[in-house]
>>> print(open('coords-v4.cif').read())   # mmCIF, C-alpha atoms
data_my_file
#
loop_
_atom_site.label_atom_id
_atom_site.label_comp_id
_atom_site.auth_asym_id
_atom_site.auth_seq_id
_atom_site.Cartn_x
_atom_site.Cartn_y
_atom_site.Cartn_z
CA MET V 1 -12.40 -24.33 2.81
CA GLU V 2 -10.73 -21.58 0.77
CA LEU V 3 -13.68 -19.20 0.78
CA PRO V 4 -14.06 -18.81 4.59
CA ILE V 5 -10.30 -18.09 4.85
CA PHE V 6 -10.64 -15.49 2.12
CA TYR V 7 -13.53 -13.80 3.93
CA ILE V 8 -11.68 -13.77 7.26
CA LEU V 9 -8.60 -12.22 5.64
CA ALA V 10 -10.77 -9.73 3.74
CA ALA V 11 -12.49 -8.68 6.98
CA ILE V 12 -9.10 -8.22 8.70
CA ILE V 13 -7.77 -6.16 5.78
CA ILE V 14 -10.82 -3.91 5.39
CA VAL V 15 -11.39 -3.26 9.10
CA SER V 16 -7.73 -2.51 9.79
CA ALA V 17 -7.52 -0.30 6.67
CA LEU V 18 -10.55 1.66 7.89
CA PHE V 19 -8.83 2.12 11.25
CA VAL V 20 -5.66 3.28 9.44
CA VAL V 21 -7.49 6.13 7.75
CA THR V 22 -9.78 7.15 10.64
CA LEU V 23 -7.96 6.69 13.97
CA ARG V 24 -7.10 9.86 15.87
CA ASN V 25 -3.71 8.74 17.10
CA ILE V 26 -1.35 8.38 14.14
CA PHE V 27 0.76 5.85 16.08
CA HIS V 28 -2.25 3.53 16.42
CA SER V 29 -2.79 3.96 12.69
CA ALA V 30 0.74 2.68 12.09
CA LEU V 31 0.05 -0.39 14.25
CA MET V 32 -3.18 -1.05 12.32
CA LEU V 33 -1.18 -0.74 9.10
CA ILE V 34 1.00 -3.65 10.29
CA LEU V 35 -2.14 -5.78 10.80
CA CYS V 36 -3.41 -4.81 7.34
CA PHE V 37 -0.08 -5.79 5.71
CA PHE V 38 -0.16 -9.15 7.50
CA GLY V 39 -3.67 -9.73 6.14
CA VAL V 40 -2.46 -8.94 2.62
CA ALA V 41 0.43 -11.40 3.10
CA GLY V 42 -2.11 -14.07 4.06
CA LEU V 43 -4.07 -13.22 0.93
CA TYR V 44 -0.93 -13.79 -1.17
CA VAL V 45 -0.65 -17.26 0.40
CA THR V 46 -4.21 -18.07 -0.69
CA LEU V 47 -3.16 -16.92 -4.20
CA HIS V 48 -0.22 -19.44 -4.15
CA ALA V 49 2.35 -16.60 -4.18
CA ASP V 50 4.70 -17.93 -1.51
CA PHE V 51 7.69 -15.73 -2.41
CA LEU V 52 5.57 -12.57 -2.52
CA ALA V 53 4.04 -13.37 0.89
CA ALA V 54 7.53 -13.59 2.40
CA VAL V 55 8.58 -10.38 0.64
CA GLN V 56 5.43 -8.64 1.90
CA VAL V 57 6.20 -9.56 5.51
CA LEU V 58 9.90 -8.66 5.19
CA ILE V 59 9.60 -5.34 3.36
CA TYR V 60 6.22 -3.93 4.36
CA VAL V 61 5.86 -5.23 7.91
CA GLY V 62 9.58 -5.23 8.66
CA ALA V 63 10.81 -2.10 6.93
CA VAL V 64 8.16 0.33 5.68
CA THR V 65 5.99 0.33 8.81
CA ILE V 66 9.01 0.62 11.10
CA LEU V 67 10.12 3.60 8.99
CA MET V 68 6.64 5.11 9.45
CA ILE V 69 6.81 4.57 13.22
CA PHE V 70 10.25 6.24 13.28
CA ALA V 71 8.81 9.24 11.45
CA VAL V 72 5.87 9.40 13.89
CA MET V 73 8.31 9.33 16.80
CA LEU V 74 10.46 12.08 15.27
CA THR V 75 7.41 14.32 14.82
CA GLN V 76 6.10 13.42 18.22
CA GLN V 77 3.89 16.30 19.25
CA LEU V 78 1.35 15.35 16.60
CA THR V 79 0.47 12.05 18.25
CA GLY V 80 -1.52 13.83 20.96
CA ARG V 81 -5.22 13.12 21.35
CA LYS V 82 -6.58 16.61 20.85
CA ILE V 83 -5.12 17.25 17.43
CA GLN V 84 -7.68 16.93 14.70
CA GLN V 85 -6.45 14.35 12.20
CA LEU V 86 -9.08 14.66 9.48
CA ASN V 87 -9.69 17.82 7.47
CA ASP V 88 -13.09 19.43 6.91
CA GLN V 89 -14.06 17.40 3.85
CA PRO V 90 -14.74 13.79 5.01
CA LEU V 91 -18.33 13.78 3.75
CA PRO V 92 -17.69 14.92 0.13
CA ALA V 93 -14.66 12.61 0.05
CA ALA V 94 -16.79 9.68 1.22
CA LEU V 95 -19.43 10.42 -1.43
CA ILE V 96 -16.85 10.56 -4.23
CA ILE V 97 -15.14 7.38 -3.00
CA LEU V 98 -18.47 5.55 -2.76
CA SER V 99 -19.37 6.42 -6.34
CA LEU V 100 -15.90 5.38 -7.50
CA LEU V 101 -16.30 2.07 -5.64
CA ILE V 102 -19.68 1.40 -7.26
CA LEU V 103 -18.19 2.18 -10.68
CA LEU V 104 -15.26 -0.18 -10.07
CA ILE V 105 -17.46 -3.03 -8.80
CA VAL V 106 -19.88 -2.72 -11.72
CA SER V 107 -17.05 -2.73 -14.25
CA ILE V 108 -15.34 -5.69 -12.53
CA THR V 109 -18.48 -7.83 -12.45
CA ARG V 110 -19.41 -6.98 -16.05
CA THR V 111 -16.01 -7.82 -17.53
CA GLY V 112 -15.49 -11.42 -18.59
CA PHE V 113 -11.89 -12.49 -17.94
CA GLU V 114 -10.44 -15.58 -19.61
CA ILE V 115 -9.66 -17.75 -16.62
CA ALA V 116 -6.79 -20.19 -17.19
CA ASP V 117 -7.45 -23.92 -16.86
CA ASN V 118 -4.48 -24.87 -14.71
CA LEU V 119 -5.05 -23.40 -11.22
CA GLU V 120 -2.89 -25.89 -9.33
CA PRO V 121 -0.37 -24.41 -6.85
CA MET V 122 3.27 -24.65 -7.82
CA PRO V 123 6.53 -23.33 -6.33
CA THR V 124 7.18 -19.82 -7.64
CA VAL V 125 10.64 -18.91 -6.34
CA GLY V 126 12.64 -20.67 -9.07
CA THR V 127 10.50 -19.30 -11.88
CA ILE V 128 10.65 -15.74 -10.51
CA GLY V 129 14.43 -15.93 -10.03
CA LYS V 130 14.98 -17.22 -13.56
CA ALA V 131 12.71 -14.54 -15.02
CA PHE V 132 14.59 -11.79 -13.17
CA MET V 133 17.93 -12.99 -14.51
CA THR V 134 16.79 -13.58 -18.11
CA THR V 135 13.65 -11.89 -19.48
CA TYR V 136 13.42 -9.04 -16.97
CA VAL V 137 17.12 -8.42 -16.34
CA LEU V 138 17.07 -4.82 -17.64
CA PRO V 139 14.03 -3.67 -15.56
CA PHE V 140 15.55 -5.51 -12.58
CA GLU V 141 18.82 -3.57 -12.85
CA ILE V 142 17.01 -0.27 -13.45
CA VAL V 143 14.78 -0.72 -10.41
CA SER V 144 17.86 -1.53 -8.32
CA VAL V 145 19.43 1.77 -9.38
CA VAL V 146 16.14 3.57 -8.67
CA LEU V 147 16.07 2.17 -5.14
CA LEU V 148 19.72 3.09 -4.53
CA VAL V 149 19.21 6.65 -5.81
CA ALA V 150 16.05 7.05 -3.71
CA LEU V 151 17.81 5.91 -0.53
CA ILE V 152 20.79 8.22 -1.14
CA GLY V 153 18.32 11.02 -1.91
CA ALA V 154 16.46 10.36 1.34
CA ILE V 155 19.72 10.63 3.30
CA VAL V 156 20.66 13.86 1.49
CA ILE V 157 17.22 15.40 2.08
CA ALA V 158 17.05 14.52 5.78
CA ARG V 159 20.68 15.37 6.61
CA ARG V 160 21.41 18.40 8.77
CA GLU V 161 23.34 21.16 7.03
CA MET S 1 -13.36 -21.40 -4.02
CA ALA S 2 -12.65 -17.68 -4.17
CA THR S 3 -12.87 -16.42 -7.75
CA LEU S 4 -11.01 -13.62 -9.49
CA ASP S 5 -13.93 -11.23 -8.89
CA HIS S 6 -13.62 -11.71 -5.11
CA TYR S 7 -10.01 -10.56 -5.16
CA LEU S 8 -10.67 -7.69 -7.57
CA ILE S 9 -13.56 -6.34 -5.48
CA LEU S 10 -11.52 -6.61 -2.26
CA SER S 11 -8.69 -4.72 -3.92
CA ALA S 12 -11.15 -2.07 -5.19
CA ILE S 13 -12.45 -1.59 -1.62
CA LEU S 14 -8.89 -1.31 -0.27
CA PHE S 15 -8.00 1.20 -3.01
CA CYS S 16 -11.06 3.34 -2.19
CA ILE S 17 -10.19 3.32 1.54
CA GLY S 18 -6.70 4.46 0.55
CA ILE S 19 -8.06 7.34 -1.53
CA PHE S 20 -10.35 8.33 1.33
CA GLY S 21 -7.37 8.56 3.67
CA LEU S 22 -5.41 10.47 1.04
CA LEU S 23 -8.18 13.05 0.70
CA THR S 24 -9.04 13.50 4.38
CA ARG S 25 -5.83 13.07 6.40
CA ARG S 26 -4.13 16.26 7.57
CA ASN S 27 -0.97 14.56 8.78
CA ALA S 28 1.60 13.93 6.02
CA ILE S 29 2.52 10.55 7.55
CA GLY S 30 -1.15 9.54 7.39
CA VAL S 31 -1.17 10.47 3.70
CA LEU S 32 1.88 8.25 3.12
CA MET S 33 0.15 5.36 4.94
CA SER S 34 -2.88 5.76 2.66
CA ILE S 35 -0.59 5.61 -0.38
CA GLU S 36 0.87 2.35 0.95
CA LEU S 37 -2.66 0.93 1.20
CA MET S 38 -3.23 1.82 -2.46
CA PHE S 39 0.07 0.17 -3.49
CA ASN S 40 -1.06 -2.97 -1.67
CA SER S 41 -4.38 -3.04 -3.48
CA ALA S 42 -2.55 -2.77 -6.81
CA ASN S 43 -0.34 -5.68 -5.76
CA ILE S 44 -3.38 -7.81 -4.86
CA ASN S 45 -4.68 -7.15 -8.37
CA PHE S 46 -1.36 -8.07 -9.98
CA ILE S 47 -1.06 -11.34 -8.07
CA ALA S 48 -4.72 -12.31 -8.55
CA PHE S 49 -4.40 -11.77 -12.31
CA SER S 50 -1.13 -13.71 -12.23
CA LYS S 51 -2.85 -16.68 -10.60
CA PHE S 52 -6.05 -16.68 -12.63
CA ILE S 53 -4.95 -15.50 -16.10
CA THR S 54 -1.27 -16.48 -16.56
CA PRO S 55 -0.45 -19.14 -13.94
CA GLU S 56 2.68 -20.41 -15.72
CA ALA S 57 4.44 -17.16 -16.66
CA LEU S 58 4.04 -15.42 -13.23
CA THR S 59 4.23 -12.00 -14.93
CA GLY S 60 1.98 -10.41 -12.30
CA GLN S 61 4.13 -11.58 -9.43
CA ILE S 62 7.26 -10.19 -11.09
CA PHE S 63 5.55 -6.82 -11.56
CA ALA S 64 4.42 -6.93 -7.92
CA VAL S 65 8.09 -7.17 -6.89
CA PHE S 66 8.81 -4.02 -8.93
CA VAL S 67 5.84 -2.26 -7.30
CA ILE S 68 7.11 -3.21 -3.83
CA THR S 69 10.57 -1.83 -4.68
CA VAL S 70 9.16 1.47 -5.91
CA ALA S 71 6.89 1.66 -2.84
CA ALA S 72 9.90 1.23 -0.55
CA ALA S 73 11.77 3.99 -2.39
CA GLU S 74 8.70 6.24 -2.19
CA ALA S 75 8.31 5.65 1.55
CA ALA S 76 11.98 6.46 2.20
CA VAL S 77 11.93 9.74 0.22
CA GLY S 78 8.48 10.73 1.52
CA LEU S 79 9.40 10.22 5.16
CA ALA S 80 12.67 12.12 4.67
CA ILE S 81 10.61 15.03 3.33
CA VAL S 82 8.23 14.77 6.33
CA VAL S 83 11.15 14.88 8.79
CA LEU S 84 12.63 17.88 6.98
CA MET S 85 9.23 19.58 6.97
CA TYR S 86 8.92 19.05 10.72
CA ARG S 87 12.43 20.39 11.31
CA ASN S 88 11.80 23.56 9.29
CA PHE S 89 8.15 24.36 10.14
CA ASP S 90 7.49 22.38 13.37
CA ILE S 91 4.37 20.97 11.74
CA VAL S 92 3.55 18.10 9.39
CA ASN S 93 0.00 19.07 8.43
CA VAL S 94 -0.30 19.13 4.67
CA ASP S 95 -2.97 21.85 4.66
CA ASN S 96 -0.67 24.26 6.52
CA ILE S 97 2.30 23.77 4.19
CA ASN S 98 1.05 25.88 1.28
CA PHE S 99 3.84 28.39 0.70
CA MET S 100 4.49 27.00 -2.80
CA LYS S 101 0.87 27.55 -3.80
CA TRP S 102 1.03 31.04 -5.27
#
>>> encode(input="coords-v4.cif", output="structure tokens")
Amino acid sequence: MELPIFYILAAIIIVSALFVVTLRNIFHSALMLILCFFGVAGLYVTLHADFLAAVQVLIYVGAVTILMIFAVMLTQQLTGRKIQQLNDQPLPAALIILSLLILLIVSITRTGFEIADNLEPMPTVGTIGKAFMTTYVLPFEIVSVVLLVALIGAIVIARRE
Amino acid sequence: MATLDHYLILSAILFCIGIFGLLTRRNAIGVLMSIELMFNSANINFIAFSKFITPEALTGQIFAVFVITVAAAEAAVGLAIVVLMYRNFDIVNVDNINFMKW
């Protein structure tokens, strides 16, 4: 039962991601990005990462995409149909990306990973919370400061003189 | 049962789509969207490794939280720069903004 769900989610993610990078109207791209993020959240559920699925929906779907849509609205004249959205190099880019993809797939399939024995689902929220407050407390505080500085920096950059 | 390779190959495909968008988009917001796709593929890798290699320690999921935080910070700063760019030059095409090139 797990494999069909994986393939459906994978199809949603790949098709919507292709639309994100190729659609003419940048606003439609932003809407497709929401669909792609929802697909990734579903994928996290199949990987038994319940907390990360919730975080994905809250932060990516709720915050980052809305921020993107705000930016599209503020730079509105570029959402018109006639503006060319891709540059002149899609074919060389596609060739390079295709060779990179083949390289990645070959190296993934040829590497033997040591799969753990215990693949049973378990609740993750408690473990993650404890790890943040004990083992990873210093990176946690540093990343909080990074986020704060970035948000203040964003306000300073975008503010009118 | 989906194996680790399934997830890794899906994330590789998503990463390559992201790089394609990064290389071909002219609009700076489109470039930022492609970067978000690449962040997501990295997160899929982290969480797949967390499930299949270290299911008890959850190290991958903790790192995915850090990646999401940095991605949010990057989106905020990047979009502020895009808005500023639009205000100063009336355009957000990355191939027209080349005054720092020489």
>>> residues_around(input="coords-v4.cif", residues="S:Thr59", least_positions_apart="5", cutoff="10 Å", atoms="all atoms listed in the file", output="ChimeraX atom specification")
/V:128,131,136 /S:46-47,49-51,53-54,64
>>> residues_around(input="coords-v4.cif", residues="stretch 25-35 of chain V", least_positions_apart="3", cutoff="6 Å", atoms="all atoms listed in the file", output="ChimeraX atom specification")
/V:16,20,38,61,79
>>> residues_around(input="coords-v4.cif", residues="stretch 1-8 of chain S", least_positions_apart="4", cutoff="7 Å", atoms="all atoms listed in the file", output="PDB file with C-alpha atoms, in the coordinates of the input")
ATOM      1  CA  GLU V   2     -10.730 -21.580   0.770  1.00  0.00           C
ATOM      2  CA  LEU V   3     -13.680 -19.200   0.780  1.00  0.00           C
ATOM      3  CA  PHE V   6     -10.640 -15.490   2.120  1.00  0.00           C
ATOM      4  CA  ILE V 108     -15.340  -5.690 -12.530  1.00  0.00           C
ATOM      5  CA  THR V 109     -18.480  -7.830 -12.450  1.00  0.00           C
TER       6      THR V 109
ATOM      7  CA  ALA S  12     -11.150  -2.070  -5.190  1.00  0.00           C
ATOM      8  CA  ASN S  45      -4.680  -7.150  -8.370  1.00  0.00           C
ATOM      9  CA  ALA S  48      -4.720 -12.310  -8.550  1.00  0.00           C
ATOM     10  CA  PHE S  52      -6.050 -16.680 -12.630  1.00  0.00           C
TER      11      PHE S  52
END
>>> residues_around(input="coords-v4.cif", residues="S:Asn93", least_positions_apart="2", cutoff="8 Å", atoms="all atoms listed in the file", output="list of chain:residue names")
S:Arg26, S:Asn27, S:Ala28, S:Ile91, S:Asp95, S:Asn96, S:Ile97
>>> closest_atom_pairs(input="coords-v4.cif", of="chain V", to="chain S", cutoff="6 Å", atoms="all atoms listed in the file", output="JSON lines")
{"residue": "V:Glu2", "atom": "CA", "partner": "S:Met1", "partner_atom": "CA", "distance": 5.5}
{"residue": "V:Leu3", "atom": "CA", "partner": "S:Ala2", "partner_atom": "CA", "distance": 5.3}
{"residue": "V:Val21", "atom": "CA", "partner": "S:Gly21", "partner_atom": "CA", "distance": 4.8}
{"residue": "V:Gln85", "atom": "CA", "partner": "S:Arg26", "partner_atom": "CA", "distance": 5.5}
{"residue": "V:Leu86", "atom": "CA", "partner": "S:Arg25", "partner_atom": "CA", "distance": 4.8}
{"residue": "V:Asn87", "atom": "CA", "partner": "S:Thr24", "partner_atom": "CA", "distance": 5.4}
{"residue": "V:Pro90", "atom": "CA", "partner": "S:Thr24", "partner_atom": "CA", "distance": 5.7}
{"residue": "V:Ile97", "atom": "CA", "partner": "S:Cys16", "partner_atom": "CA", "distance": 5.8}
{"residue": "V:Ile115", "atom": "CA", "partner": "S:Ile53", "partner_atom": "CA", "distance": 5.2}
{"residue": "V:Ala116", "atom": "CA", "partner": "S:Ile53", "partner_atom": "CA", "distance": 5.2}
{"residue": "V:Leu147", "atom": "CA", "partner": "S:Ala73", "partner_atom": "CA", "distance": 5.4}
{"residue": "V:Ala150", "atom": "CA", "partner": "S:Ala73", "partner_atom": "CA", "distance": 5.4}
{"residue": "V:Ala154", "atom": "CA", "partner": "S:Val77", "partner_atom": "CA", "distance": 4.7}
{"residue": "V:Ala158", "atom": "CA", "partner": "S:Ala80", "partner_atom": "CA", "distance": 5.1}
>>> atom_distance(input="coords-v4.cif", atom1="atom CA of V:Val146", atom2="atom CA of V:Gln56")
19.4 Å
>>> atom_distance(input="coords-v4.cif", atom1="atom CA of V:Leu43", atom2="atom CA of V:Val72")
27.9 Å
>>> residues_around(input="coords-v4.cif", residues="V:Pro123", least_positions_apart="6", cutoff="9 Å", atoms="all atoms listed in the file", output="ChimeraX atom specification")
/V:48-51
>>> write_last_selection(input="coords-v4.cif", atoms="C-alpha atoms", output="mmCIF file, keeping the file's coordinate frame")
data_model
loop_
_atom_site.group_PDB
_atom_site.id
_atom_site.type_symbol
_atom_site.label_atom_id
_atom_site.label_comp_id
_atom_site.auth_asym_id
_atom_site.auth_seq_id
_atom_site.Cartn_x
_atom_site.Cartn_y
_atom_site.Cartn_z
ATOM 1 C CA HIS V 48 -0.220 -19.440 -4.150
ATOM 2 C CA ALA V 49 2.350 -16.600 -4.180
ATOM 3 C CA ASP V 50 4.700 -17.930 -1.510
ATOM 4 C CA PHE V 51 7.690 -15.730 -2.410
#
>>> atom_distance(input="coords-v4.cif", atom1="atom CA of V:Tyr44", atom2="atom CA of V:Pro121")
12.1 Å
>>> build_atoms(input="coords-v4.cif", residues="stretch 143-159 of chain V", atoms="N, CA and C atoms", output="short mmCIF file (atom, residue, chain, number, x, y, z; two decimals), keeping the file's coordinate frame")
data_model
loop_
_atom_site.label_atom_id
_atom_site.label_comp_id
_atom_site.auth_asym_id
_atom_site.auth_seq_id
_atom_site.Cartn_x
_atom_site.Cartn_y
_atom_site.Cartn_z
N VAL V 143 15.48 -0.95 -11.67
CA VAL V 143 14.78 -0.72 -10.41
C VAL V 143 15.75 -0.77 -9.24
N SER V 144 16.83 -1.55 -9.37
CA SER V 144 17.86 -1.53 -8.32
C SER V 144 18.49 -0.16 -8.21
N VAL V 145 18.82 0.44 -9.38
CA VAL V 145 19.43 1.77 -9.38
C VAL V 145 18.45 2.80 -8.82
N VAL V 146 17.15 2.65 -9.19
CA VAL V 146 16.14 3.57 -8.67
C VAL V 146 16.10 3.53 -7.15
N LEU V 147 16.12 2.31 -6.60
CA LEU V 147 16.07 2.17 -5.14
C LEU V 147 17.32 2.79 -4.49
N LEU V 148 18.48 2.53 -5.08
CA LEU V 148 19.72 3.09 -4.53
C LEU V 148 19.68 4.61 -4.54
N VAL V 149 19.27 5.19 -5.70
CA VAL V 149 19.21 6.65 -5.81
C VAL V 149 18.21 7.22 -4.81
N ALA V 150 17.06 6.54 -4.64
CA ALA V 150 16.05 7.05 -3.71
C ALA V 150 16.58 7.03 -2.28
N LEU V 151 17.30 5.97 -1.90
CA LEU V 151 17.81 5.91 -0.53
C LEU V 151 18.87 6.98 -0.30
N ILE V 152 19.78 7.16 -1.28
CA ILE V 152 20.79 8.22 -1.14
C ILE V 152 20.09 9.58 -1.07
N GLY V 153 19.07 9.76 -1.93
CA GLY V 153 18.32 11.02 -1.91
C GLY V 153 17.65 11.27 -0.58
N ALA V 154 17.10 10.20 0.03
CA ALA V 154 16.46 10.36 1.34
C ALA V 154 17.47 10.81 2.38
N ILE V 155 18.68 10.22 2.34
CA ILE V 155 19.72 10.63 3.30
C ILE V 155 20.09 12.09 3.08
N VAL V 156 20.26 12.48 1.79
CA VAL V 156 20.66 13.86 1.49
C VAL V 156 19.59 14.84 1.94
N ILE V 157 18.30 14.48 1.72
CA ILE V 157 17.22 15.40 2.08
C ILE V 157 17.16 15.56 3.60
N ALA V 158 17.28 14.46 4.35
CA ALA V 158 17.05 14.52 5.78
C ALA V 158 18.28 14.94 6.58
N ARG V 159 19.44 15.05 5.91
CA ARG V 159 20.68 15.37 6.61
C ARG V 159 20.65 16.83 7.11
#
